[in-house]
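Asks: Please see the structure below; I have some questions.
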Amino acid sequence: MSFVNKIGKTSSEVFNDFDKNKDGSLDFSEFRNLCIQLFGAEEVEENEGRIQNVFEIFDINRDGFLNGEEWNRCYDEWIQVIMNPVNVLLVVDVQNDFIQGSLGLSKCGEGEHGEEVIEPINRLIKEGVWKTIVYTQDWHPKNHIGFFDNLPLRQLHPASKVTKEKAKLFDTVLFLEPKLEQRLWPVHCIMDSWGSQLHERLFIAPDSKQVRKGQHPDMESYSAFYDNNSTNSTELLDMLREYNVTDVYVCGLAYDICVRATCLDGLKLGYRLAIIEDCCRGVSRNDIVKAREEISDKGGLITDSNQVLSLVRDKKRSLIMAHQGAVALAKKYNSEIKN
């Protein structure tokens, strides 16, 4: 019987279905069979190490079996989330200035074209099944610290490798106050300007949410979750908590800057997270490759829009995202033990 057909069953009934030798516990072989029903044999075979790690996370007493409280935690906190995810689509900074304005991607780095993300993102918005959709926007004051034109307004730290006199667009400097390493960008996404608006061809879903970031003049905010010193959070955290979101799907601009930072913060916060590559474009090909590796190394799923629609609409399941969830639970358990 497929695991899909077990949705109405209790924790005990599911346990009994996979406890083949009826010894009151699940060994790794029995747990692996359960995972095959959840994710399919091919994905399990490709990710044997992840399955082993998940088993070890819930085998809290390290006796090689799951039973009692271990199984209850596995079922309630891991399997139930896999079976009943709460999905959000996070559309990062698909704004005029990053497409055809002052910081259009086609003008810098590899010359990627930001408008290419609009059609596949619109398809995801219209065809996916989402608890909510959140659009983010860079939303800067004119005196923002990230603008090259504002360099004369602030002092650099003596340790800055680049001086004011030699600094050029896209260089990175170290400011004195606040002490902040900052890449210098063209003026972009000024509050209420044409450049700060979401692109006119981007579909805005009814009842969706918007998050504006980078509003403080003395602090950059690449991530949709936090500013660049990881201290002050945006309203995004409260939004996701309000909806009890479990799975975050990220797309938009620019892959190697704001999308990267958003993904890494989301993973750090414990969300099951995927980056949708055909719905992203970036500044530098080398930095895109590095960002991809970072996100993958931290547990993020690297995917495309077709697979995402299968996950959120056709009820297919990602073992990689499920492993993310188990790792986040392990951190929670370890914290409970220490406290």
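Ligands are numbered from 1 in the order shown, residues from 1 within each chain, and chains are lettered A, B, ... in the order they appear in the structure tokens.
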As a PyMOL selection string, please: all residues of range 17-222 of chain A that backbone DSSP puts in helix (DSSP H, G or I).

Replies: chain A and resi 17-18+28-39+41-46+48-58+68-83+96-99+105-107+114-127+148-153+194-196

Asks: Can you pull out the residues contacting Val211 in chain A? Cut-off 9 Å, using only C-alpha atoms, and skip same-chain residues under 3 positions away; I want them as a CSV table (one decimal) with N, CA, C and O atoms, in the first residue's frame.

Replies:
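Written output follows (selection.csv):
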chain,number,residue,atom,x,y,z
A,134,VAL,N,4.9,36.0,-1.1
A,134,VAL,CA,5.5,37.3,-0.6
A,134,VAL,C,6.4,37.8,-1.6
A,134,VAL,O,7.3,37.2,-2.2
A,135,TYR,N,6.2,39.1,-1.9
A,135,TYR,CA,7.1,39.9,-2.9
A,135,TYR,C,8.0,40.8,-2.0
A,135,TYR,O,7.5,41.5,-1.2
A,136,THR,N,9.3,40.7,-2.3
A,136,THR,CA,10.2,41.7,-1.6
A,136,THR,C,10.6,42.8,-2.5
A,136,THR,O,10.7,42.6,-3.7
A,137,GLN,N,11.0,43.9,-1.9
A,137,GLN,CA,11.5,45.1,-2.7
A,137,GLN,C,12.6,45.7,-1.9
A,137,GLN,O,12.5,46.0,-0.7
A,138,ASP,N,13.7,46.0,-2.6
A,138,ASP,CA,14.7,47.0,-2.1
A,138,ASP,C,14.0,48.3,-2.0
A,138,ASP,O,13.3,48.7,-3.0
A,224,ALA,N,15.9,38.9,2.8
A,224,ALA,CA,14.5,39.3,3.1
A,224,ALA,C,14.1,39.1,4.6
A,224,ALA,O,13.1,39.5,5.0
A,234,THR,N,13.1,41.7,9.4
A,234,THR,CA,12.0,42.3,8.7
A,234,THR,C,10.7,41.7,9.1
A,234,THR,O,10.7,40.7,10.0
A,235,GLU,N,9.5,42.1,8.6
A,235,GLU,CA,8.2,41.6,9.0
A,235,GLU,C,8.0,40.2,8.4
A,235,GLU,O,7.0,39.5,8.7
A,236,LEU,N,8.9,39.7,7.5
A,236,LEU,CA,8.8,38.4,6.9
A,236,LEU,C,8.7,37.3,7.9
A,236,LEU,O,7.9,36.4,7.8

Asks: Which one is closest to Asp97 in chain A: A:Phe55, A:Phe28, A:Trp130, A:Trp194? Count only C-alpha atoms.

Replies: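 Comparing A:Phe55, A:Phe28, A:Trp130, A:Trp194 against Asp97 in chain A, the winner is A:Trp194.
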
Asks: Find the distance between CA of Ile79 in chain A and CA of Ile121 in chain A and write it in Å to one decimal.

Replies: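 That distance, rounded to one decimal, is 29.0 Å.
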
Asks: Excluding range 237-249 of chain A and any residue of its chain fewer than 6 positions from it, enumerate the residues within 8 Å of it, using only C-alpha atoms, and give them as an mmCIF file with all heavy atoms, in the first residue's frame.

Replies:
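Final output, saved to around.cif:
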data_model
loop_
_atom_site.group_PDB
_atom_site.id
_atom_site.type_symbol
_atom_site.label_atom_id
_atom_site.label_comp_id
_atom_site.auth_asym_id
_atom_site.auth_seq_id
_atom_site.Cartn_x
_atom_site.Cartn_y
_atom_site.Cartn_z
ATOM 1 N N VAL A 81 4.871 16.812 8.746
ATOM 2 C CA VAL A 81 5.250 17.987 7.952
ATOM 3 C C VAL A 81 5.473 17.586 6.501
ATOM 4 O O VAL A 81 5.096 18.313 5.579
ATOM 5 C CB VAL A 81 6.509 18.653 8.537
ATOM 6 C CG1 VAL A 81 7.027 19.751 7.606
ATOM 7 C CG2 VAL A 81 6.207 19.238 9.910
ATOM 8 N N PRO A 85 2.807 19.839 4.125
ATOM 9 C CA PRO A 85 3.634 21.040 4.156
ATOM 10 C C PRO A 85 2.787 22.305 4.001
ATOM 11 O O PRO A 85 1.705 22.283 3.419
ATOM 12 C CB PRO A 85 4.562 20.856 2.950
ATOM 13 C CG PRO A 85 3.761 20.019 1.995
ATOM 14 C CD PRO A 85 2.968 19.069 2.867
ATOM 15 N N VAL A 86 3.312 23.401 4.530
ATOM 16 C CA VAL A 86 2.699 24.712 4.342
ATOM 17 C C VAL A 86 3.688 25.531 3.517
ATOM 18 O O VAL A 86 4.755 25.905 3.997
ATOM 19 C CB VAL A 86 2.405 25.403 5.685
ATOM 20 C CG1 VAL A 86 1.759 26.768 5.456
ATOM 21 C CG2 VAL A 86 1.509 24.518 6.556
ATOM 22 N N ASN A 87 3.324 25.786 2.253
ATOM 23 C CA ASN A 87 4.267 26.326 1.272
ATOM 24 C C ASN A 87 4.089 27.821 1.058
ATOM 25 O O ASN A 87 2.956 28.299 0.924
ATOM 26 C CB ASN A 87 4.076 25.623 -0.081
ATOM 27 C CG ASN A 87 4.229 24.119 0.023
ATOM 28 O OD1 ASN A 87 5.187 23.624 0.585
ATOM 29 N ND2 ASN A 87 3.256 23.390 -0.511
ATOM 30 N N VAL A 88 5.204 28.530 0.977
ATOM 31 C CA VAL A 88 5.187 29.946 0.605
ATOM 32 C C VAL A 88 6.149 30.146 -0.558
ATOM 33 O O VAL A 88 7.218 29.534 -0.618
ATOM 34 C CB VAL A 88 5.568 30.855 1.790
ATOM 35 C CG1 VAL A 88 6.988 30.637 2.251
ATOM 36 C CG2 VAL A 88 5.361 32.323 1.430
ATOM 37 N N LEU A 89 5.745 31.001 -1.510
ATOM 38 C CA LEU A 89 6.622 31.409 -2.602
ATOM 39 C C LEU A 89 7.149 32.799 -2.277
ATOM 40 O O LEU A 89 6.382 33.732 -2.040
ATOM 41 C CB LEU A 89 5.861 31.444 -3.928
ATOM 42 C CG LEU A 89 6.684 31.883 -5.146
ATOM 43 C CD1 LEU A 89 7.805 30.885 -5.438
ATOM 44 C CD2 LEU A 89 5.787 32.062 -6.376
ATOM 45 N N LEU A 90 8.474 32.930 -2.255
ATOM 46 C CA LEU A 90 9.130 34.192 -1.932
ATOM 47 C C LEU A 90 9.777 34.743 -3.199
ATOM 48 O O LEU A 90 10.730 34.172 -3.727
ATOM 49 C CB LEU A 90 10.168 33.945 -0.841
ATOM 50 C CG LEU A 90 10.834 35.140 -0.179
ATOM 51 C CD1 LEU A 90 9.806 36.117 0.356
ATOM 52 C CD2 LEU A 90 11.745 34.673 0.952
ATOM 53 N N LYS A 131 0.278 28.782 0.395
ATOM 54 C CA LYS A 131 -0.419 29.371 1.541
ATOM 55 C C LYS A 131 -0.443 30.883 1.381
ATOM 56 O O LYS A 131 -1.454 31.537 1.653
ATOM 57 C CB LYS A 131 0.295 28.988 2.837
ATOM 58 C CG LYS A 131 -0.428 29.450 4.094
ATOM 59 C CD LYS A 131 -1.734 28.700 4.277
ATOM 60 C CE LYS A 131 -2.399 29.047 5.593
ATOM 61 N NZ LYS A 131 -3.667 28.312 5.783
ATOM 62 N N PHE A 225 15.022 38.368 5.287
ATOM 63 C CA PHE A 225 14.781 38.075 6.698
ATOM 64 C C PHE A 225 15.430 39.085 7.638
ATOM 65 O O PHE A 225 14.814 39.512 8.617
ATOM 66 C CB PHE A 225 15.314 36.677 7.034
ATOM 67 C CG PHE A 225 14.512 35.548 6.459
ATOM 68 C CD1 PHE A 225 14.915 34.910 5.299
ATOM 69 C CD2 PHE A 225 13.345 35.127 7.068
ATOM 70 C CE1 PHE A 225 14.183 33.861 4.765
ATOM 71 C CE2 PHE A 225 12.599 34.082 6.544
ATOM 72 C CZ PHE A 225 13.018 33.445 5.384
ATOM 73 N N GLY A 266 17.143 31.787 5.570
ATOM 74 C CA GLY A 266 16.009 30.877 5.726
ATOM 75 C C GLY A 266 16.434 29.508 6.216
ATOM 76 O O GLY A 266 15.792 28.910 7.085
ATOM 77 N N TYR A 271 13.950 26.598 8.144
ATOM 78 C CA TYR A 271 12.924 26.301 7.135
ATOM 79 C C TYR A 271 13.425 25.271 6.131
ATOM 80 O O TYR A 271 14.613 25.239 5.795
ATOM 81 C CB TYR A 271 12.507 27.580 6.396
ATOM 82 C CG TYR A 271 11.692 28.511 7.256
ATOM 83 C CD1 TYR A 271 12.254 29.664 7.789
ATOM 84 C CD2 TYR A 271 10.365 28.213 7.566
ATOM 85 C CE1 TYR A 271 11.512 30.502 8.611
ATOM 86 C CE2 TYR A 271 9.617 29.048 8.378
ATOM 87 C CZ TYR A 271 10.194 30.194 8.900
ATOM 88 O OH TYR A 271 9.459 31.019 9.722
ATOM 89 N N ARG A 272 12.532 24.431 5.678
ATOM 90 C CA ARG A 272 12.798 23.571 4.525
ATOM 91 C C ARG A 272 12.745 24.496 3.321
ATOM 92 O O ARG A 272 11.711 25.113 3.060
ATOM 93 C CB ARG A 272 11.738 22.479 4.437
ATOM 94 C CG ARG A 272 11.762 21.498 5.615
ATOM 95 C CD ARG A 272 10.412 20.812 5.848
ATOM 96 N NE ARG A 272 9.648 20.545 4.652
ATOM 97 C CZ ARG A 272 9.386 19.328 4.169
ATOM 98 N NH1 ARG A 272 9.838 18.263 4.801
ATOM 99 N NH2 ARG A 272 8.660 19.166 3.089
ATOM 100 N N LEU A 273 13.846 24.587 2.582
ATOM 101 C CA LEU A 273 13.964 25.663 1.600
ATOM 102 C C LEU A 273 14.509 25.160 0.271
ATOM 103 O O LEU A 273 15.380 24.293 0.227
ATOM 104 C CB LEU A 273 14.872 26.766 2.163
ATOM 105 C CG LEU A 273 15.054 28.019 1.322
ATOM 106 C CD1 LEU A 273 15.106 29.255 2.225
ATOM 107 C CD2 LEU A 273 16.326 27.951 0.476
ATOM 108 N N ALA A 274 13.977 25.743 -0.810
ATOM 109 C CA ALA A 274 14.438 25.427 -2.158
ATOM 110 C C ALA A 274 14.650 26.715 -2.932
ATOM 111 O O ALA A 274 13.900 27.679 -2.773
ATOM 112 C CB ALA A 274 13.416 24.553 -2.881
ATOM 113 N N ILE A 275 15.677 26.731 -3.777
ATOM 114 C CA ILE A 275 15.898 27.835 -4.693
ATOM 115 C C ILE A 275 15.531 27.368 -6.093
ATOM 116 O O ILE A 275 15.906 26.266 -6.521
ATOM 117 C CB ILE A 275 17.343 28.359 -4.639
ATOM 118 C CG1 ILE A 275 17.526 29.538 -5.611
ATOM 119 C CG2 ILE A 275 18.362 27.264 -4.899
ATOM 120 C CD1 ILE A 275 18.840 30.263 -5.450
ATOM 121 N N ILE A 276 14.757 28.202 -6.798
ATOM 122 C CA ILE A 276 14.212 27.830 -8.102
ATOM 123 C C ILE A 276 15.072 28.491 -9.175
ATOM 124 O O ILE A 276 14.886 29.658 -9.523
ATOM 125 C CB ILE A 276 12.745 28.276 -8.221
ATOM 126 C CG1 ILE A 276 11.970 27.892 -6.951
ATOM 127 C CG2 ILE A 276 12.093 27.652 -9.445
ATOM 128 C CD1 ILE A 276 10.621 28.575 -6.822
#

Asks: One decimal, in Å: what's the spacing between CA of Asn96 in chain A and CA of Glu277 in chain A?

Replies: 20.1 Å
